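The file start-v5.cif contains mmCIF, C-alpha atoms:
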```cif
data_entry
loop_
_atom_site.label_atom_id
_atom_site.label_comp_id
_atom_site.auth_asym_id
_atom_site.auth_seq_id
_atom_site.Cartn_x
_atom_site.Cartn_y
_atom_site.Cartn_z
CA MET A 35 -26.08 -33.43 46.46
CA ARG A 36 -27.75 -35.60 49.08
CA THR A 37 -30.11 -38.22 47.70
CA LEU A 38 -33.56 -38.27 49.27
CA VAL A 39 -36.34 -40.81 49.26
CA PRO A 40 -38.86 -39.91 46.50
CA TYR A 41 -41.28 -37.33 47.84
CA ALA A 42 -44.30 -38.92 49.47
CA CYS A 43 -47.00 -36.96 47.68
CA LEU A 44 -45.69 -38.11 44.31
CA ALA A 45 -45.57 -41.72 45.36
CA LEU A 46 -49.18 -41.66 46.53
CA ILE A 47 -50.56 -40.69 43.13
CA ALA A 48 -52.03 -43.65 41.28
CA ALA A 49 -49.67 -45.12 38.73
CA SER A 50 -52.38 -44.93 36.08
CA ALA A 51 -52.57 -41.12 36.31
CA SER A 52 -51.34 -39.25 33.24
CA ALA A 53 -47.83 -37.92 33.66
CA ALA A 54 -45.34 -35.65 31.92
CA GLU A 55 -41.59 -35.27 32.12
CA GLY A 56 -40.80 -32.58 34.66
CA LEU A 57 -38.53 -31.41 37.46
CA VAL A 58 -38.67 -31.98 41.20
CA VAL A 59 -36.70 -29.76 43.57
CA ILE A 60 -36.28 -30.66 47.25
CA GLU A 61 -35.24 -27.97 49.73
CA GLU A 62 -34.87 -27.66 53.48
CA VAL A 63 -36.51 -24.52 54.85
CA ASP A 64 -35.41 -23.17 58.22
CA ASP A 65 -38.14 -20.92 59.65
CA LEU A 66 -36.02 -18.68 61.86
CA MET A 67 -39.04 -17.01 63.45
CA ARG A 68 -40.44 -20.34 64.72
CA SER A 69 -37.19 -22.34 65.01
CA VAL A 70 -38.64 -25.07 62.78
CA LYS A 71 -37.00 -26.89 59.85
CA ARG A 72 -39.09 -28.59 57.18
CA LYS A 73 -38.62 -30.19 53.79
CA ARG A 74 -40.22 -28.45 50.82
CA MET A 75 -40.99 -29.81 47.37
CA ILE A 76 -41.29 -27.83 44.16
CA ALA A 77 -42.56 -29.69 41.09
CA VAL A 78 -42.58 -28.23 37.58
CA SER A 79 -44.11 -29.72 34.44
CA PRO A 80 -44.41 -28.10 30.99
CA ASP A 81 -47.90 -26.85 31.91
CA GLY A 82 -47.79 -26.23 35.62
CA ALA A 83 -46.00 -25.78 38.92
CA ARG A 84 -46.58 -26.94 42.48
CA ILE A 85 -44.98 -25.52 45.63
CA ASP A 86 -45.49 -27.22 49.00
CA ALA A 87 -44.75 -24.73 51.74
CA TYR A 88 -45.78 -23.39 55.12
CA GLN A 89 -47.36 -19.96 55.58
CA ASP A 90 -47.59 -18.73 59.17
CA GLY A 91 -46.93 -22.30 60.31
CA ARG A 92 -49.78 -23.80 58.27
CA LYS A 93 -49.21 -26.25 55.44
CA THR A 94 -50.02 -24.57 52.13
CA THR A 95 -49.77 -25.78 48.55
CA ILE A 96 -49.54 -23.36 45.66
CA LEU A 97 -50.67 -24.67 42.27
CA TYR A 98 -50.23 -22.86 38.97
CA ASP A 99 -51.76 -23.83 35.61
CA LEU A 100 -49.79 -22.22 32.78
CA ARG A 101 -52.52 -22.99 30.22
CA THR A 102 -55.24 -21.07 32.06
CA GLU A 103 -52.85 -18.72 33.91
CA THR A 104 -54.66 -19.63 37.13
CA LEU A 105 -53.12 -19.75 40.59
CA ARG A 106 -54.68 -21.89 43.33
CA ILE A 107 -53.72 -21.64 46.99
CA VAL A 108 -54.64 -24.73 49.01
CA ASP A 109 -55.14 -24.57 52.79
CA HIS A 110 -54.79 -28.16 54.02
CA GLU A 111 -55.80 -27.37 57.58
CA ARG A 112 -59.17 -25.96 56.51
CA ARG A 113 -59.46 -28.25 53.44
CA ILE A 114 -60.23 -25.34 51.14
CA TYR A 115 -58.60 -23.64 48.17
CA ARG A 116 -58.87 -20.27 46.48
CA GLU A 117 -58.35 -19.36 42.83
CA PHE A 118 -56.68 -16.29 41.40
CA SER A 119 -56.08 -15.05 37.87
CA GLU A 120 -54.51 -11.99 36.30
CA ARG A 121 -58.03 -10.58 36.03
CA ASP A 122 -58.54 -11.05 39.76
CA ALA A 123 -55.30 -9.18 40.46
CA LYS A 124 -56.48 -6.25 38.36
CA ARG A 125 -59.89 -6.21 40.06
CA MET A 126 -58.32 -6.35 43.50
CA ASN A 127 -56.01 -3.46 42.67
CA LYS A 128 -58.91 -1.47 41.23
CA GLN A 129 -60.80 -1.98 44.47
CA LEU A 130 -57.78 -0.87 46.47
CA SER A 131 -57.52 2.27 44.34
CA SER A 132 -61.23 2.98 44.80
CA HIS A 133 -61.01 2.55 48.58
CA ALA A 134 -57.91 4.76 48.69
CA GLY A 135 -59.73 7.51 46.76
CA ALA A 136 -62.77 7.37 49.06
CA ALA A 137 -60.56 7.45 52.16
CA GLU A 138 -58.69 10.47 50.84
CA LYS A 139 -61.96 12.39 50.38
CA GLN A 140 -62.98 11.55 53.93
CA GLN A 141 -59.62 12.79 55.21
CA ASP A 142 -59.99 16.09 53.35
CA GLN A 143 -63.42 16.53 54.89
CA ARG A 144 -62.06 15.88 58.41
CA ILE A 145 -59.29 18.45 57.89
CA ARG A 146 -61.78 21.08 56.72
CA GLU A 147 -64.01 20.45 59.73
CA ALA A 148 -61.17 20.49 62.28
CA GLN A 149 -60.47 23.46 64.50
CA PRO A 150 -57.87 25.81 62.94
CA GLU A 151 -55.30 25.11 65.69
CA HIS A 152 -55.52 21.34 65.00
CA ARG A 153 -55.48 21.37 61.20
CA ASP A 154 -51.70 21.34 60.67
CA HIS A 155 -51.21 18.38 63.02
CA LEU A 156 -54.14 16.47 61.50
CA GLU A 157 -52.90 17.13 57.98
CA GLN A 158 -49.48 15.70 58.86
CA LEU A 159 -51.10 12.53 60.23
CA MET A 160 -53.24 12.18 57.11
CA ARG A 161 -50.22 12.63 54.87
CA GLY A 162 -48.57 9.61 56.50
CA GLU A 163 -51.70 7.50 56.00
CA ARG A 164 -51.88 8.53 52.35
CA GLY A 165 -48.30 7.43 51.85
CA GLY A 166 -49.29 3.92 52.94
CA MET A 167 -52.33 3.90 50.64
CA GLY A 168 -50.20 5.04 47.76
CA ALA A 169 -47.73 2.23 48.33
CA ALA A 170 -50.57 -0.31 48.24
CA GLU A 171 -51.98 1.22 45.08
CA GLU A 172 -48.63 1.20 43.29
CA SER A 173 -47.73 -2.36 44.32
CA SER A 174 -49.56 -3.86 41.33
CA ASP A 175 -47.43 -1.92 38.85
CA ARG A 176 -44.04 -2.55 40.40
CA GLU A 177 -41.38 -4.53 38.65
CA PRO A 178 -40.60 -8.08 39.82
CA LEU A 179 -37.59 -8.47 42.05
CA GLN A 180 -34.37 -8.15 40.09
CA PHE A 181 -31.36 -10.15 41.26
CA GLU A 182 -27.99 -8.47 40.89
CA LYS A 183 -24.60 -10.16 41.08
CA THR A 184 -22.26 -9.30 43.90
CA ALA A 185 -18.49 -9.64 43.84
CA GLU A 186 -18.75 -12.60 46.21
CA THR A 187 -18.58 -16.24 45.11
CA GLY A 188 -18.88 -19.48 47.05
CA GLU A 189 -19.04 -23.25 46.83
CA ILE A 190 -21.95 -25.31 48.15
CA ASP A 191 -21.92 -29.13 48.05
CA GLY A 192 -19.12 -29.00 45.48
CA HIS A 193 -20.93 -26.52 43.20
CA PRO A 194 -19.26 -23.14 42.62
CA CYS A 195 -21.94 -20.45 42.93
CA THR A 196 -22.32 -16.70 42.69
CA TRP A 197 -23.95 -14.61 45.41
CA LEU A 198 -26.89 -12.52 44.22
CA GLU A 199 -29.01 -9.98 46.06
CA ALA A 200 -32.46 -8.55 45.42
CA SER A 201 -33.83 -5.43 47.10
CA ARG A 202 -37.06 -3.48 47.06
CA ASP A 203 -37.59 0.03 48.38
CA ASP A 204 -33.89 0.09 49.33
CA GLN A 205 -34.31 -2.93 51.60
CA LEU A 206 -32.62 -6.30 51.08
CA VAL A 207 -35.23 -8.99 50.37
CA VAL A 208 -33.24 -12.04 49.27
CA ARG A 209 -29.59 -13.05 49.33
CA THR A 210 -28.80 -16.24 47.43
CA CYS A 211 -25.87 -18.22 46.07
CA ALA A 212 -27.01 -19.61 42.74
CA VAL A 213 -25.77 -21.59 39.74
CA ASN A 214 -26.75 -21.73 36.10
CA PRO A 215 -29.18 -24.58 35.23
CA GLU A 216 -26.55 -25.96 32.87
CA ARG A 217 -24.69 -27.09 35.98
CA PHE A 218 -27.44 -29.70 36.32
CA ASP A 219 -27.74 -30.25 32.56
CA LEU A 220 -31.03 -28.32 32.50
CA ASP A 221 -32.51 -25.64 30.26
CA GLY A 222 -33.65 -22.62 32.29
CA LYS A 223 -36.80 -22.36 30.15
CA ARG A 224 -38.15 -25.42 31.93
CA PHE A 225 -38.79 -23.24 34.98
CA ALA A 226 -41.17 -20.94 33.04
CA PRO A 227 -44.36 -22.08 34.87
CA LEU A 228 -42.63 -21.45 38.20
CA VAL A 229 -41.54 -17.97 37.12
CA GLU A 230 -45.10 -17.09 36.09
CA ALA A 231 -46.47 -18.43 39.37
CA ALA A 232 -44.05 -16.22 41.32
CA ARG A 233 -44.99 -13.17 39.26
CA LEU A 234 -48.72 -13.60 39.92
CA MET A 235 -48.11 -14.35 43.61
CA ASP A 236 -46.17 -11.10 43.88
CA ARG A 237 -49.11 -9.14 42.43
CA LEU A 238 -51.67 -10.78 44.69
CA SER A 239 -49.66 -10.77 47.90
CA PRO A 240 -47.07 -7.97 47.93
CA GLY A 241 -44.42 -8.57 50.54
CA SER A 242 -45.05 -12.31 50.91
CA THR A 243 -41.84 -14.28 51.33
CA ALA A 244 -43.08 -17.29 49.35
CA GLN A 245 -42.49 -15.90 45.86
CA HIS A 246 -38.99 -14.70 46.75
CA THR A 247 -37.68 -18.16 47.57
CA LEU A 248 -38.13 -19.84 44.19
CA PRO A 249 -35.62 -20.54 41.43
CA THR A 250 -34.92 -17.35 39.54
CA ARG A 251 -35.51 -17.16 35.80
CA ASN A 252 -32.06 -18.31 34.76
CA ARG A 253 -30.41 -19.60 37.94
CA ILE A 254 -30.98 -22.27 40.57
CA PRO A 255 -30.48 -21.11 44.17
CA LEU A 256 -28.43 -23.45 46.37
CA ARG A 257 -28.57 -21.37 49.55
CA GLN A 258 -30.91 -18.48 50.31
CA THR A 259 -31.73 -16.07 53.10
CA VAL A 260 -35.02 -14.14 53.01
CA PHE A 261 -35.36 -10.86 54.87
CA VAL A 262 -38.39 -8.88 56.06
CA HIS A 263 -37.74 -5.31 57.20
CA GLY A 264 -34.04 -6.09 57.52
CA ALA A 265 -34.47 -9.21 59.66
CA ALA A 266 -33.64 -12.71 58.36
CA VAL A 267 -36.81 -14.85 58.51
CA LEU A 268 -35.99 -17.89 56.34
CA LYS A 269 -32.91 -19.86 55.38
CA ILE A 270 -33.27 -22.33 52.53
CA GLU A 271 -30.84 -25.07 51.50
CA HIS A 272 -31.09 -26.86 48.16
CA GLN A 273 -30.91 -30.61 48.61
CA GLU A 274 -31.82 -32.26 45.34
CA ILE A 275 -33.07 -31.63 41.83
CA ARG A 276 -34.12 -34.43 39.52
CA GLN A 277 -35.92 -35.04 36.27
CA GLN A 278 -38.78 -37.51 36.39
CA GLU A 279 -42.29 -38.27 35.22
CA ILE A 280 -44.73 -36.17 37.25
CA PRO A 281 -48.39 -37.22 37.59
CA GLN A 282 -50.61 -34.38 36.42
CA GLY A 283 -52.96 -35.02 39.32
CA ILE A 284 -50.61 -33.30 41.77
CA PHE A 285 -51.36 -29.98 40.06
CA GLU A 286 -55.02 -30.16 41.12
CA PRO A 287 -56.53 -29.45 44.57
CA PRO A 288 -57.15 -32.63 46.60
CA SER A 289 -60.51 -34.30 46.13
CA GLY A 290 -63.08 -33.11 48.64
CA TYR A 291 -61.53 -29.68 49.19
CA GLN A 292 -63.94 -26.76 48.76
CA LEU A 293 -63.43 -23.70 46.57
CA ARG A 294 -63.89 -20.55 48.64
CA GLN A 295 -64.58 -17.14 47.15
CA THR A 296 -64.84 -13.67 48.69
CA PHE A 297 -66.28 -10.47 47.23
CA GLY A 298 -67.19 -12.21 43.99
CA PHE A 299 -63.74 -13.65 43.33
CA ALA A 300 -61.26 -15.88 45.09
CA TYR A 301 -59.22 -14.12 47.75
#
```
Turn the structure described in the file into structure tokens.
Amino acid sequence: MRTLVPYACLALIAASASAAEGLVVIEEVDDLMRSVKRKRMIAVSPDGARIDAYQDGRKTTILYDLRTETLRIVDHERRIYREFSERDAKRMNKQLSSHAGAAEKQQDQRIREAQPEHRDHLEQLMRGERGGMGAAEESSDREPLQFEKTAETGEIDGHPCTWLEASRDDQLVVRTCAVNPERFDLDGKRFAPLVEAARLMDRLSPGSTAQHTLPTRNRIPLRQTVFVHGAAVLKIEHQEIRQQEIPQGIFEPPSGYQLRQTFGFAY
């Protein structure tokens, strides 16, 4: 693997900050929609995870605290952050269900009030809208993406890897060539905070590409392609993984950033 200069954000943390033994993963992310390549860092400690990424071209940092099961999403451009918990996910999904129920009643009323010759057409339109609402309502209960082995193998930077694919609703979401953590003398359990962060991200933001591009529970991806509606949107190349002391301060929002909340909870 190529050796990189230690990631800048780690070097800037004061040496006196408390630290714990953890993992740092460096990747190169090729945003195919914007024709931009950037480096990305993922840091994992026993109690937390940090993902530096770009969402819609804006620098975003995702922080997860395993002890409190809290996810923070930091917007560096606006100097704000938002907090999410499992409870927030449930409340959000309850609100979605409530809105879907109210909308369905309104649709029934419109159908009843329509002229007889227009009712069949209007009912067909409403049925399509209800299908979308149902998908949103069921998203909170869906299973996390499951990666399945293919018959294809490869070799990336001298590491033999196995190609895996994950689909949802019969559409390919991720294709990755991955290796077991033992290849890097690592225990897969050390990625537990990252796995939990991805799970909560998936509940809060169904369809987001961010949670699909992380190390899977028991494998480390060396090369990945992420798809949205059948089109490739991201290509990710693993560049380095190392064990080192990680300052705990990098798992907190930057000083001076404001917590923003919407509708009584962070969103």
Item checked: Shell of 9 Å around range 51-56 of chain A, only C-alpha atoms, local chain residues under 3 positions omitted, as JSON, numbers by chain -> {"A": [47, 48, 77, 78, 79, 80, 224, 276, 277, 278, 279, 280, 281, 282, 283]}
Next item on the list: Extract, using all atoms listed in the file, all DNA, RNA and protein residues at most 9 Å from range 268-270 of chain A, discarding same-chain residues fewer than 3 positions from it, and format them as a ChimeraX atom specification.
Entry: /A:61-67,243,247,255-261
Next item on the list: Find the residue from A:Val207, A:Leu105, A:Ala87, A:Ala200 that sits nearest to Leu228 in chain A; use all atoms listed in the file when measuring.
Entry: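 The closest residue to Leu228 in chain A is A:Leu105.
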Using the chain letters and numbers from the file, give me the residues hit by the PyMOL selection byres ((chain A and resi 286-293) around 8), as a PDB file with C-alpha atoms, in the frame of the given file.
```pdb
ATOM      1  CA  LEU A  97     -50.670 -24.670  42.270  1.00  0.00           C
ATOM      2  CA  ARG A 106     -54.680 -21.890  43.330  1.00  0.00           C
ATOM      3  CA  VAL A 108     -54.640 -24.730  49.010  1.00  0.00           C
ATOM      4  CA  ARG A 113     -59.460 -28.250  53.440  1.00  0.00           C
ATOM      5  CA  ILE A 114     -60.230 -25.340  51.140  1.00  0.00           C
ATOM      6  CA  TYR A 115     -58.600 -23.640  48.170  1.00  0.00           C
ATOM      7  CA  ARG A 116     -58.870 -20.270  46.480  1.00  0.00           C
ATOM      8  CA  GLU A 117     -58.350 -19.360  42.830  1.00  0.00           C
ATOM      9  CA  GLN A 282     -50.610 -34.380  36.420  1.00  0.00           C
ATOM     10  CA  GLY A 283     -52.960 -35.020  39.320  1.00  0.00           C
ATOM     11  CA  ILE A 284     -50.610 -33.300  41.770  1.00  0.00           C
ATOM     12  CA  PHE A 285     -51.360 -29.980  40.060  1.00  0.00           C
ATOM     13  CA  ARG A 294     -63.890 -20.550  48.640  1.00  0.00           C
ATOM     14  CA  GLN A 295     -64.580 -17.140  47.150  1.00  0.00           C
TER      15      GLN A 295
END
```
Next item on the list: Grab the CA of Asp236 in chain A to CA of Leu179 in chain A distance for me, in Å with one decimal place.
Entry: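 Calculated distance between CA of Asp236 in chain A and CA of Leu179 in chain A is 9.2 Å.
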Any chance you could work out the axis-aligned box around range 283-288 of chain A, listed atoms only, 6 Å on each side, giving centre and edge lengths in Å to one decimal, as lines of an AutoDock Vina configuration file?
```
center_x = -53.9
center_y = -32.2
center_z = 43.0
size_x = 18.5
size_y = 17.6
size_z = 19.3
```
Next item on the list: Record the distance separating CA of Leu57 in chain A and CA of Asp90 in chain A, expressed in Å with one decimal.
Entry: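 Spanning CA of Leu57 in chain A to CA of Asp90 in chain A is a straight-line distance of 26.7 Å.
Minimum atom-to-atom distance to Pro194 in chain A, evaluated using all atoms listed in the file, belongs to A:Cys211 out of A:Leu206, A:Leu100, A:Cys211, A:Glu182.
Picked out by the PyMOL selection byres ((chain A and resi 217) around 12) when it runs on this file: Gly192, His193, Pro194, Cys195, Ala212, Val213, Asn214, Pro215, Glu216, Phe218, Asp219, Leu220, Asp221, Gly222, Asn252, Arg253, Ile254, Pro255, Leu256 and Ile275 of chain A.
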Check: So what do you get for CA of Val59 in chain A versus CA of Arg74 in chain A, distance-wise?
Finding: 8.2 Å
